[in-house]
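Engineer: Just start_24.txt, nothing more (compact mmCIF, C-alpha atoms):
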# COMPACT_ATOMS: atom_id res chain seq x y z
CA MET A 1132 -7.40 -15.06 73.19
CA PRO A 1133 -9.99 -15.84 75.91
CA LEU A 1134 -12.77 -18.26 75.11
CA PRO A 1135 -16.19 -16.78 74.46
CA ALA A 1136 -18.46 -16.51 77.44
CA SER A 1137 -21.41 -17.87 75.51
CA PRO A 1138 -21.42 -21.07 73.40
CA THR A 1139 -23.34 -19.18 70.76
CA ALA A 1140 -20.59 -16.59 70.29
CA TRP A 1141 -18.66 -18.95 67.96
CA GLY A 1142 -21.51 -21.22 67.00
CA ARG A 1143 -24.88 -22.58 67.91
CA SER A 1144 -25.61 -24.45 71.09
CA ASP A 1145 -25.25 -27.73 69.09
CA HIS A 1146 -21.60 -26.79 68.33
CA SER A 1147 -22.30 -26.15 64.59
CA LEU A 1148 -20.99 -23.09 62.78
CA PRO A 1149 -23.33 -20.17 62.13
CA THR A 1150 -24.72 -19.72 58.64
CA CYS A 1151 -24.60 -16.62 56.54
CA GLY A 1152 -26.55 -13.81 58.17
CA GLU A 1153 -26.06 -15.07 61.73
CA GLY A 1154 -23.81 -13.18 64.12
CA TRP A 1155 -20.21 -14.10 64.74
CA GLY A 1156 -19.69 -11.85 67.72
CA GLY A 1157 -16.71 -9.55 68.27
CA GLU A 1158 -14.14 -12.25 67.51
CA GLY A 1159 -15.84 -12.90 64.14
CA VAL A 1160 -15.34 -9.28 63.14
CA VAL A 1161 -11.64 -9.59 63.99
CA LEU A 1162 -11.36 -12.78 61.92
CA ARG A 1163 -13.09 -11.19 58.93
CA ARG A 1164 -10.69 -8.26 59.06
CA LEU A 1165 -7.74 -10.62 59.39
CA PHE A 1166 -8.86 -12.59 56.34
CA ALA A 1167 -9.29 -9.34 54.36
CA LEU A 1168 -5.78 -8.21 55.33
CA LEU A 1169 -4.33 -11.56 54.29
CA ALA A 1170 -6.11 -11.41 50.94
CA THR A 1171 -4.83 -7.87 50.35
CA PHE A 1172 -1.32 -8.98 51.24
CA PHE A 1173 -1.31 -11.87 48.81
CA LEU A 1174 -2.74 -9.72 46.01
CA SER A 1175 -0.10 -7.06 46.63
CA TRP A 1176 2.65 -9.68 46.72
CA ALA A 1177 1.47 -11.13 43.41
CA ALA A 1178 1.44 -7.67 41.84
CA LEU A 1179 4.97 -6.97 43.06
CA THR A 1180 6.38 -10.28 41.87
CA SER A 1181 4.82 -10.06 38.40
CA PRO A 1182 6.87 -8.23 35.75
CA ALA A 1183 5.86 -4.60 35.25
CA HIS A 1184 5.18 -3.59 31.65
CA ALA A 1185 6.71 -6.85 30.43
CA ALA A 1186 6.76 -7.57 26.72
CA ALA A 1187 7.60 -10.70 24.78
CA ILE A 1188 10.98 -10.80 23.06
CA ARG A 1189 9.19 -11.27 19.72
CA ASP A 1190 7.68 -7.80 20.17
CA LEU A 1191 11.02 -6.19 20.99
CA THR A 1192 13.34 -7.82 18.46
CA SER A 1193 13.55 -9.20 14.96
CA VAL A 1194 15.68 -12.07 13.69
CA GLN A 1195 18.46 -10.88 11.44
CA GLY A 1196 18.00 -12.26 7.95
CA VAL A 1197 14.25 -12.88 8.39
CA ARG A 1198 12.71 -9.96 6.53
CA VAL A 1199 10.01 -8.84 4.10
CA ASN A 1200 10.97 -8.31 0.46
CA GLN A 1201 9.30 -5.75 -1.81
CA LEU A 1202 8.06 -6.73 -5.25
CA VAL A 1203 7.02 -4.50 -8.15
CA GLY A 1204 5.61 -5.00 -11.62
CA TYR A 1205 4.06 -3.17 -14.58
CA GLY A 1206 0.82 -4.35 -16.16
CA LEU A 1207 -2.49 -3.50 -17.73
CA VAL A 1208 -6.00 -3.26 -16.27
CA VAL A 1209 -8.78 -3.94 -18.77
CA GLY A 1210 -12.57 -3.81 -18.61
CA LEU A 1211 -12.86 -0.17 -17.59
CA GLY A 1212 -16.05 1.52 -18.71
CA GLY A 1213 -14.46 4.41 -20.57
CA THR A 1214 -12.38 5.52 -17.58
CA GLY A 1215 -9.03 4.23 -18.89
CA ASP A 1216 -6.00 6.08 -20.23
CA GLN A 1217 -6.30 8.48 -23.16
CA ALA A 1218 -4.09 7.01 -25.89
CA THR A 1219 -3.06 10.40 -27.30
CA GLN A 1220 -1.70 11.53 -23.93
CA VAL A 1221 -0.43 8.17 -22.61
CA PRO A 1222 1.21 6.43 -25.59
CA TYR A 1223 2.88 3.68 -23.53
CA THR A 1224 -0.53 2.16 -22.74
CA THR A 1225 -1.15 1.53 -26.44
CA GLN A 1226 2.39 0.21 -26.90
CA SER A 1227 1.93 -2.23 -24.01
CA LEU A 1228 -1.41 -3.39 -25.46
CA LEU A 1229 0.13 -4.00 -28.90
CA SER A 1230 3.05 -5.93 -27.35
CA MET A 1231 0.59 -8.13 -25.48
CA PHE A 1232 -1.35 -8.75 -28.70
CA GLN A 1233 1.86 -9.85 -30.44
CA ARG A 1234 2.70 -12.31 -27.64
CA LEU A 1235 -0.80 -13.74 -28.00
CA GLY A 1236 -0.40 -14.11 -31.78
CA ILE A 1237 -2.56 -11.14 -32.78
CA ASN A 1238 -0.94 -8.98 -35.48
CA LEU A 1239 -2.81 -5.81 -36.35
CA PRO A 1240 -2.31 -3.95 -39.62
CA PRO A 1241 -0.03 -0.92 -39.32
CA GLY A 1242 -2.86 1.49 -40.04
CA VAL A 1243 -5.09 -0.01 -37.36
CA ALA A 1244 -2.31 -0.19 -34.81
CA SER A 1245 -1.35 3.46 -35.28
CA ASN A 1246 -4.92 4.62 -34.80
CA LEU A 1247 -5.70 2.36 -31.86
CA GLN A 1248 -7.21 4.43 -29.06
CA PRO A 1249 -8.61 2.16 -26.32
CA LYS A 1250 -10.57 3.80 -23.54
CA ASP A 1251 -11.08 0.72 -21.37
CA VAL A 1252 -7.39 -0.01 -20.67
CA ALA A 1253 -5.11 1.58 -18.08
CA ALA A 1254 -1.40 1.18 -17.39
CA VAL A 1255 -0.76 0.34 -13.72
CA MET A 1256 2.04 -0.41 -11.30
CA ILE A 1257 1.64 -3.41 -8.99
CA THR A 1258 3.38 -3.54 -5.60
CA ALA A 1259 3.44 -6.31 -3.02
CA ASN A 1260 5.32 -7.46 0.08
CA LEU A 1261 6.70 -10.98 0.04
CA PRO A 1262 6.66 -12.30 3.64
CA PRO A 1263 9.65 -14.28 4.93
CA PHE A 1264 9.65 -18.05 4.41
CA SER A 1265 7.02 -17.76 1.63
CA GLN A 1266 6.89 -20.88 -0.51
CA PRO A 1267 5.76 -21.40 -4.12
CA GLY A 1268 2.00 -21.71 -4.37
CA GLN A 1269 1.18 -19.35 -1.51
CA GLN A 1270 -0.87 -16.24 -2.26
CA ILE A 1271 -0.20 -12.64 -1.21
CA ASN A 1272 -2.10 -9.35 -1.50
CA VAL A 1273 -1.17 -6.81 -4.17
CA THR A 1274 -1.83 -3.09 -4.62
CA VAL A 1275 -2.67 -1.72 -8.07
CA SER A 1276 -2.05 1.97 -8.85
CA ALA A 1277 -2.65 3.86 -12.09
CA VAL A 1278 0.36 5.54 -13.73
CA GLY A 1279 -1.45 7.26 -16.61
CA ASN A 1280 -4.44 9.58 -16.71
CA ALA A 1281 -7.12 6.97 -16.03
CA SER A 1282 -9.93 8.44 -13.98
CA SER A 1283 -11.00 5.20 -12.28
CA LEU A 1284 -9.92 1.56 -11.94
CA ALA A 1285 -13.29 0.42 -10.58
CA GLY A 1286 -14.55 -2.74 -12.28
CA GLY A 1287 -11.22 -3.46 -13.98
CA THR A 1288 -9.30 -6.72 -14.21
CA LEU A 1289 -5.54 -6.93 -13.92
CA LEU A 1290 -3.96 -9.11 -16.58
CA MET A 1291 -1.22 -11.58 -15.68
CA THR A 1292 1.78 -9.55 -14.51
CA PRO A 1293 5.13 -10.83 -13.21
CA LEU A 1294 6.34 -9.25 -9.97
CA LYS A 1295 10.08 -8.86 -9.63
CA GLY A 1296 12.43 -8.21 -6.73
CA ALA A 1297 15.43 -5.92 -6.45
CA ASP A 1298 17.59 -8.58 -8.15
CA GLY A 1299 15.41 -8.62 -11.27
CA GLN A 1300 14.10 -12.13 -10.65
CA THR A 1301 10.40 -12.95 -10.83
CA TYR A 1302 9.05 -14.09 -7.45
CA ALA A 1303 5.28 -13.89 -7.98
CA VAL A 1304 2.65 -13.50 -10.68
CA ALA A 1305 -0.41 -11.26 -10.14
CA GLN A 1306 -3.83 -11.33 -11.78
CA GLY A 1307 -7.41 -10.69 -10.69
CA ASN A 1308 -10.23 -8.21 -10.24
CA VAL A 1309 -9.30 -4.84 -8.78
CA VAL A 1310 -11.32 -3.72 -5.76
CA VAL A 1311 -11.49 0.07 -5.32
CA SER A 1312 -12.71 1.45 -2.00
CA GLY A 1313 -13.87 4.79 -3.39
CA PHE A 1314 -16.67 5.76 -5.73
CA GLY A 1315 -17.60 8.78 -7.80
CA ALA A 1316 -20.16 10.17 -10.21
CA ALA A 1317 -20.27 12.99 -12.75
CA SER A 1318 -23.06 14.58 -14.75
CA GLY A 1319 -23.67 17.92 -16.41
CA GLY A 1320 -20.26 19.28 -15.49
CA ASN A 1321 -20.71 18.44 -11.81
CA SER A 1322 -18.84 15.61 -10.11
CA THR A 1323 -18.43 14.07 -6.69
CA GLN A 1324 -15.88 11.57 -5.40
CA VAL A 1325 -15.25 9.69 -2.18
CA ASN A 1326 -11.72 8.39 -1.51
CA PHE A 1327 -9.45 7.60 -4.46
CA LEU A 1328 -10.50 5.75 -7.59
CA THR A 1329 -7.08 5.29 -9.19
CA ALA A 1330 -5.71 2.79 -6.67
CA GLY A 1331 -7.11 -0.53 -5.51
CA MET A 1332 -6.18 -3.90 -4.08
CA ILE A 1333 -6.49 -7.54 -5.06
CA ALA A 1334 -6.76 -9.84 -2.05
CA ASN A 1335 -4.62 -12.93 -2.61
CA GLY A 1336 -4.04 -11.57 -6.08
CA ALA A 1337 -0.50 -12.89 -6.57
CA THR A 1338 0.86 -16.43 -6.43
CA VAL A 1339 4.39 -16.96 -5.17
CA GLU A 1340 6.56 -18.67 -7.80
CA ARG A 1341 9.94 -18.64 -6.09
CA ALA A 1342 11.13 -18.75 -2.47
CA VAL A 1343 13.67 -16.25 -1.18
CA ALA A 1344 16.86 -17.82 0.15
CA ASN A 1345 17.67 -17.11 3.81
CA ASN A 1346 20.44 -18.09 6.18
CA PHE A 1347 18.22 -19.11 9.08
CA ASP A 1348 18.84 -22.83 8.53
CA LYS A 1349 22.60 -22.40 8.44
CA ALA A 1350 24.55 -23.50 11.49
CA GLY A 1351 25.84 -20.80 13.80
CA PRO A 1352 24.50 -18.25 16.27
CA ILE A 1353 21.24 -16.37 15.72
CA THR A 1354 21.33 -12.59 15.82
CA LEU A 1355 18.43 -10.68 17.38
CA ALA A 1356 18.12 -7.00 16.45
CA LEU A 1357 16.27 -4.68 18.83
CA ASN A 1358 13.54 -2.60 17.21
CA SER A 1359 14.52 0.33 19.45
CA PRO A 1360 18.22 0.13 20.36
CA SER A 1361 18.83 0.39 24.10
CA PHE A 1362 21.76 -0.83 26.19
CA GLY A 1363 19.50 -1.60 29.12
CA THR A 1364 16.94 -3.54 27.08
CA ALA A 1365 19.67 -5.47 25.25
CA SER A 1366 21.26 -6.58 28.53
CA ARG A 1367 17.86 -7.56 29.96
CA VAL A 1368 17.04 -9.66 26.90
CA ALA A 1369 20.38 -11.47 27.14
CA GLU A 1370 19.93 -11.99 30.89
CA SER A 1371 16.44 -13.42 30.43
CA ILE A 1372 17.68 -15.89 27.80
CA ASN A 1373 20.62 -16.96 29.98
CA GLN A 1374 18.35 -17.54 32.96
CA ARG A 1375 16.14 -19.80 30.86
CA PHE A 1376 18.73 -21.72 28.83
CA GLY A 1377 21.92 -21.35 30.84
CA ALA A 1378 24.80 -18.90 31.17
CA GLY A 1379 26.60 -18.03 27.95
CA THR A 1380 23.64 -18.71 25.68
CA ALA A 1381 23.10 -15.03 24.79
CA THR A 1382 25.45 -12.08 24.64
CA ALA A 1383 24.49 -8.44 24.15
CA LEU A 1384 27.05 -7.23 21.62
CA ASN A 1385 25.82 -3.62 21.65
CA ALA A 1386 22.68 -1.57 22.18
CA GLY A 1387 20.90 -3.11 19.21
CA VAL A 1388 22.27 -6.64 18.69
CA ILE A 1389 22.01 -9.79 20.85
CA GLN A 1390 23.87 -12.90 19.71
CA VAL A 1391 22.25 -16.19 20.71
CA ASN A 1392 23.88 -19.62 20.46
CA ALA A 1393 21.27 -21.89 18.86
CA PRO A 1394 21.10 -25.62 18.07
CA LEU A 1395 22.56 -26.76 14.76
CA THR A 1396 19.68 -28.75 13.29
CA ALA A 1397 16.84 -26.85 11.59
CA GLY A 1398 14.02 -28.37 13.66
CA ASP A 1399 15.77 -27.73 16.96
CA ARG A 1400 16.63 -24.16 15.94
CA THR A 1401 12.98 -23.44 15.14
CA ALA A 1402 11.73 -24.84 18.46
CA PHE A 1403 14.51 -23.05 20.37
CA LEU A 1404 13.76 -19.68 18.76
CA GLY A 1405 10.05 -20.11 19.46
CA GLN A 1406 10.84 -20.54 23.18
CA VAL A 1407 13.21 -17.56 23.12
CA GLU A 1408 10.64 -15.23 21.53
CA ALA A 1409 8.02 -16.24 24.12
CA LEU A 1410 10.16 -15.01 27.06
CA ASP A 1411 8.96 -11.84 28.80
CA VAL A 1412 11.32 -8.91 29.30
CA SER A 1413 10.71 -5.54 30.93
CA PRO A 1414 12.18 -3.04 28.46
CA GLU A 1415 14.05 -0.01 29.62
CA SER A 1416 12.07 3.20 29.81
CA PRO A 1417 12.38 5.14 26.55
CA PRO A 1418 14.34 8.39 26.57
CA ALA A 1419 12.48 11.61 27.11
CA LYS A 1420 11.46 12.93 23.72
CA VAL A 1421 9.19 15.57 22.25
CA VAL A 1422 8.09 14.93 18.65
CA ILE A 1423 6.87 17.89 16.61
CA ASP A 1424 5.16 17.70 13.24
CA ALA A 1425 5.34 21.27 11.99
CA ARG A 1426 3.18 20.54 8.91
CA SER A 1427 0.12 19.42 10.86
CA GLY A 1428 0.84 21.21 14.14
CA THR A 1429 1.00 17.94 16.11
CA VAL A 1430 3.03 17.82 19.33
CA VAL A 1431 3.63 14.55 21.20
CA LEU A 1432 5.34 14.54 24.60
CA GLY A 1433 6.89 11.34 25.96
CA GLN A 1434 6.24 10.01 29.43
CA ASN A 1435 9.64 11.03 30.87
CA VAL A 1436 9.60 14.67 29.76
CA THR A 1437 10.39 17.09 32.59
CA LEU A 1438 11.18 20.78 32.83
CA GLY A 1439 13.71 22.87 34.62
CA ALA A 1440 12.85 26.14 36.33
CA CYS A 1441 11.85 28.68 33.71
CA ALA A 1442 9.41 31.49 33.04
CA VAL A 1443 7.49 31.67 29.78
CA ALA A 1444 5.74 34.72 28.37
CA HIS A 1445 3.75 34.33 25.20
CA GLY A 1446 1.96 37.01 23.22
CA ASN A 1447 0.72 37.26 19.65
CA LEU A 1448 1.82 40.04 17.33
CA SER A 1449 -0.53 40.67 14.40
CA VAL A 1450 -0.04 43.12 11.55
CA THR A 1451 -3.03 44.05 9.33
CA ILE A 1452 -2.60 45.86 6.01
CA ASN A 1453 -5.77 47.23 4.39
CA THR A 1454 -5.62 48.97 1.01
CA GLN A 1455 -8.57 50.88 -0.48
CA TYR A 1456 -8.40 52.41 -3.95
CA GLU A 1457 -9.93 55.89 -4.29
CA VAL A 1458 -10.52 58.01 -7.40
CA SER A 1459 -8.83 61.41 -7.44
CA GLN A 1460 -10.94 63.84 -9.50
CA PRO A 1461 -9.16 67.13 -10.43
CA ASN A 1462 -10.81 70.56 -10.65
CA PRO A 1463 -12.92 70.87 -13.84
CA LEU A 1464 -11.06 74.04 -14.83
CA GLY A 1465 -7.66 72.59 -14.01
CA ALA A 1466 -5.24 70.73 -16.26
CA GLY A 1467 -5.06 67.59 -14.09
CA GLN A 1468 -6.20 64.07 -14.99
CA THR A 1469 -8.38 61.61 -13.14
CA ALA A 1470 -6.25 59.00 -11.31
CA VAL A 1471 -6.77 56.03 -8.97
CA VAL A 1472 -4.93 56.62 -5.67
CA PRO A 1473 -4.39 53.75 -3.21
CA ASN A 1474 -5.14 54.48 0.45
CA THR A 1475 -3.18 52.02 2.60
CA LYS A 1476 -3.64 51.62 6.35
CA VAL A 1477 -1.28 49.54 8.47
CA LYS A 1478 -2.37 48.39 11.93
CA ALA A 1479 -0.17 46.46 14.35
CA LYS A 1480 -1.52 44.81 17.48
CA ALA A 1481 0.37 43.00 20.18
CA ASP A 1482 -1.56 40.90 22.67
CA LYS A 1483 -0.70 41.06 26.33
CA ALA A 1484 1.82 38.38 27.33
CA ASN A 1485 1.19 36.53 30.56
CA LEU A 1486 4.30 35.35 32.38
CA LEU A 1487 3.97 31.78 33.68
CA MET A 1488 6.42 30.17 36.07
CA PHE A 1489 7.38 26.48 35.61
CA ASN A 1490 8.74 24.71 38.65
CA PRO A 1491 11.74 22.42 38.17
CA GLY A 1492 11.32 18.64 37.92
CA VAL A 1493 7.61 18.71 37.20
CA THR A 1494 5.84 15.65 35.80
CA LEU A 1495 4.37 15.28 32.35
CA GLU A 1496 0.89 15.96 33.69
CA ALA A 1497 2.05 19.27 35.18
CA VAL A 1498 3.81 20.20 31.94
CA VAL A 1499 0.63 19.61 29.91
CA ARG A 1500 -1.46 21.54 32.42
CA ALA A 1501 0.92 24.50 32.32
CA LEU A 1502 1.14 24.57 28.53
CA ASN A 1503 -2.64 24.45 28.30
CA ALA A 1504 -2.77 27.42 30.66
CA VAL A 1505 -0.71 29.44 28.17
CA GLY A 1506 -3.55 29.02 25.67
CA ALA A 1507 -1.27 29.00 22.66
CA ALA A 1508 -2.14 27.72 19.20
CA PRO A 1509 -0.31 24.61 17.94
CA SER A 1510 2.17 26.68 15.92
CA ASP A 1511 2.83 28.90 18.94
CA LEU A 1512 3.21 25.84 21.18
CA ILE A 1513 5.89 24.51 18.85
CA ALA A 1514 7.74 27.82 19.10
CA ILE A 1515 7.48 27.76 22.91
CA LEU A 1516 8.90 24.23 23.14
CA GLN A 1517 11.77 25.07 20.79
CA ALA A 1518 12.58 28.17 22.84
CA MET A 1519 12.47 26.17 26.09
CA LYS A 1520 14.85 23.62 24.57
CA ALA A 1521 17.21 26.39 23.49
CA ALA A 1522 17.11 27.80 27.02
CA GLY A 1523 18.00 24.40 28.51
CA ALA A 1524 14.73 24.13 30.45
CA LEU A 1525 13.26 21.25 28.43
CA HIS A 1526 14.84 17.99 29.54
CA ALA A 1527 14.03 15.94 26.47
CA GLN A 1528 15.13 15.31 22.90
CA LEU A 1529 13.38 17.57 20.42
CA ASP A 1530 12.54 15.67 17.22
CA VAL A 1531 11.04 17.76 14.40
CA ILE A 1532 9.57 15.66 11.57
I need this file expressed as structure tokens, please.
Structural biologist:
Amino acid sequence: MPLPASPTAWGRSDHSLPTCGEGWGGEGVVLRRLFALLATFFLSWAALTSPAHAAAIRDLTSVQGVRVNQLVGYGLVVGLGGTGDQATQVPYTTQSLLSMFQRLGINLPPGVASNLQPKDVAAVMITANLPPFSQPGQQINVTVSAVGNASSLAGGTLLMTPLKGADGQTYAVAQGNVVVSGFGAASGGNSTQVNFLTAGMIANGATVERAVANNFDKAGPITLALNSPSFGTASRVAESINQRFGAGTATALNAGVIQVNAPLTAGDRTAFLGQVEALDVSPESPPAKVVIDARSGTVVLGQNVTLGACAVAHGNLSVTINTQYEVSQPNPLGAGQTAVVPNTKVKAKADKANLLMFNPGVTLEAVVRALNAVGAAPSDLIAILQAMKAAGALHAQLDVI
């Protein structure tokens, strides 16, 4: 590049660089463009080298044997302002109350016990999820739901209730004030209600009494189960672990299971699994799928849904039946009787069907645009998609829930 003809083309006459706002000359413009190109190049290179749609292994897998356990129990909620169970219709509430009285040393006379009709007590079922590795003394949330005819659990208190697992063992004990998110009011035969009043929650309402045994601390390999089985994702997870910890550390046994060789001691296994779950993996693209909820008319199309060449014509057929009852009055001098005669009119109407052409291999955006152009109702759209699948033009799995 030739030197500038003027000493001020690159700088001032005192050989200092120009400040912001002063001219750089033609060569300065070239340098600014060169710097911009270099910056764009480095940004593009960083974007290409970074993993696309990467997710941590902890979000893609779960450790076999590390799971949540469900707990359930039966108890009583007291302190209800007349909104509890009706004893004549729900006899087990009274029986449970009498059994509790006996355990507390209260023995009622037979006549009083048979006529006991509490209105401030409700029989409830308590459910909770016991997280993995929970230890005695920790607290968990519980959900309280009425099983009788109580109209509201608002303001009630759950009495001490053991929560049992599927093996019949008690793992937690629940007690506390029930919090109901809804509210209602009634007066003069009119009533209003927001949300549900017969179910509530007690935050930290149960105390864990027993830990659930697990095989995580046992020596041997750790098994990772993919949340969405995929051969490609399983092989990528195993490859990522082997690149980090060495060849042979992980093996993809099938589309849903990856076996990982882990250290033998408990502390080392915990640290090792924490490093494994922090690794980033780009999962395989999910299969093309169309999910249809026929009850609500919801249609969800996956990102890889495409269509083959097909033509779709859609038209609505409506049939209207209108019946009017007329009185048939006979001649006064005749021998006939007055009778009610139905007059029925049947009208059928078929809307004009517009034929739309779908090009093969179109993208999801084009599919949505074309289906919107049909102008069909949700129920009709479901019928169109099912017909396109039957014709072999819909390249996706059709899942009706």
Engineer: Just the number, please: distance in Å from atom CA of A:Ser1416 to atom CA of A:Ser1366, one decimal.
Structural biologist: 13.5 Å
Engineer: Tell me, in Å to one decimal, how far atom CA of A:Met1488 is from atom CA of A:Gln1528.
Structural biologist: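 Going from atom CA of A:Met1488 over to atom CA of A:Gln1528 covers 21.7 Å.
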Engineer: Determine the nearest neighbour of A:Ala1381 from the options A:Val1368, A:Val1252, A:Ala1297, A:Val1310, counting all atoms listed in the file.
Structural biologist: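 Looking at the shortest contact to A:Ala1381, the residue is A:Val1368.
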Engineer: Have a look at atom CA of A:Val1311 and atom CA of A:Ile1257 and let me know their distance in Å, one decimal.
Structural biologist: 14.1 Å
Engineer: Which is closer to A:Met1332 than all the others in A:Asn1272, A:Thr1401, A:Thr1219, A:Gln1306, using all atoms listed in the file?
Structural biologist: A:Asn1272
Engineer: Using only C-alpha atoms and a cutoff of 6 Å, can you tell me which residues are near (6.3, -13.2, -2.4) in the file's coordinates, and write them out as a PyMOL selection string?
Structural biologist: chain A and resi 1261+1302-1303+1339
Engineer: Just the selected residues (C-alpha atoms), exported as a PDB file, in the frame of the given file, please.
Structural biologist:
ATOM      1  CA  LEU A1261       6.700 -10.980   0.040  1.00  0.00           C
ATOM      2  CA  TYR A1302       9.050 -14.090  -7.450  1.00  0.00           C
ATOM      3  CA  ALA A1303       5.280 -13.890  -7.980  1.00  0.00           C
ATOM      4  CA  VAL A1339       4.390 -16.960  -5.170  1.00  0.00           C
TER       5      VAL A1339
END
Engineer: Looking at A:Thr1429, A:Gly1377, A:Phe1347, A:Val1304, which one is nearest to A:Gly1398, with distances taken over all atoms listed in the file?
Structural biologist: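 Among the listed residues, A:Phe1347 lies closest to A:Gly1398.
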Engineer: If we draw a sphere of 12 Å around (15.8, 23.2, 25.8), which residues have at least one atom in it when counting all atoms listed in the file? Please report them as a list of chain:residue names.
Structural biologist: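 Residues with an atom close enough to that point: A:Lys1420, A:Val1421, A:Val1436, A:Thr1437, A:Leu1438, A:Gly1439, A:Ala1440, A:Cys1441, A:Ala1514, A:Ile1515, A:Leu1516, A:Gln1517, A:Ala1518, A:Met1519, A:Lys1520, A:Ala1521, A:Ala1522, A:Gly1523, A:Ala1524, A:Leu1525, A:His1526, A:Ala1527, A:Gln1528, A:Leu1529, A:Asp1530.
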Engineer: Which residue gives the smallest distance to A:Gly1307 among A:Leu1207, A:Ala1378, A:Leu1239, A:Ile1532, with all atoms listed in the file counted?
Structural biologist: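 Looking only at the distances to A:Gly1307, the closest residue turns out to be A:Leu1207.
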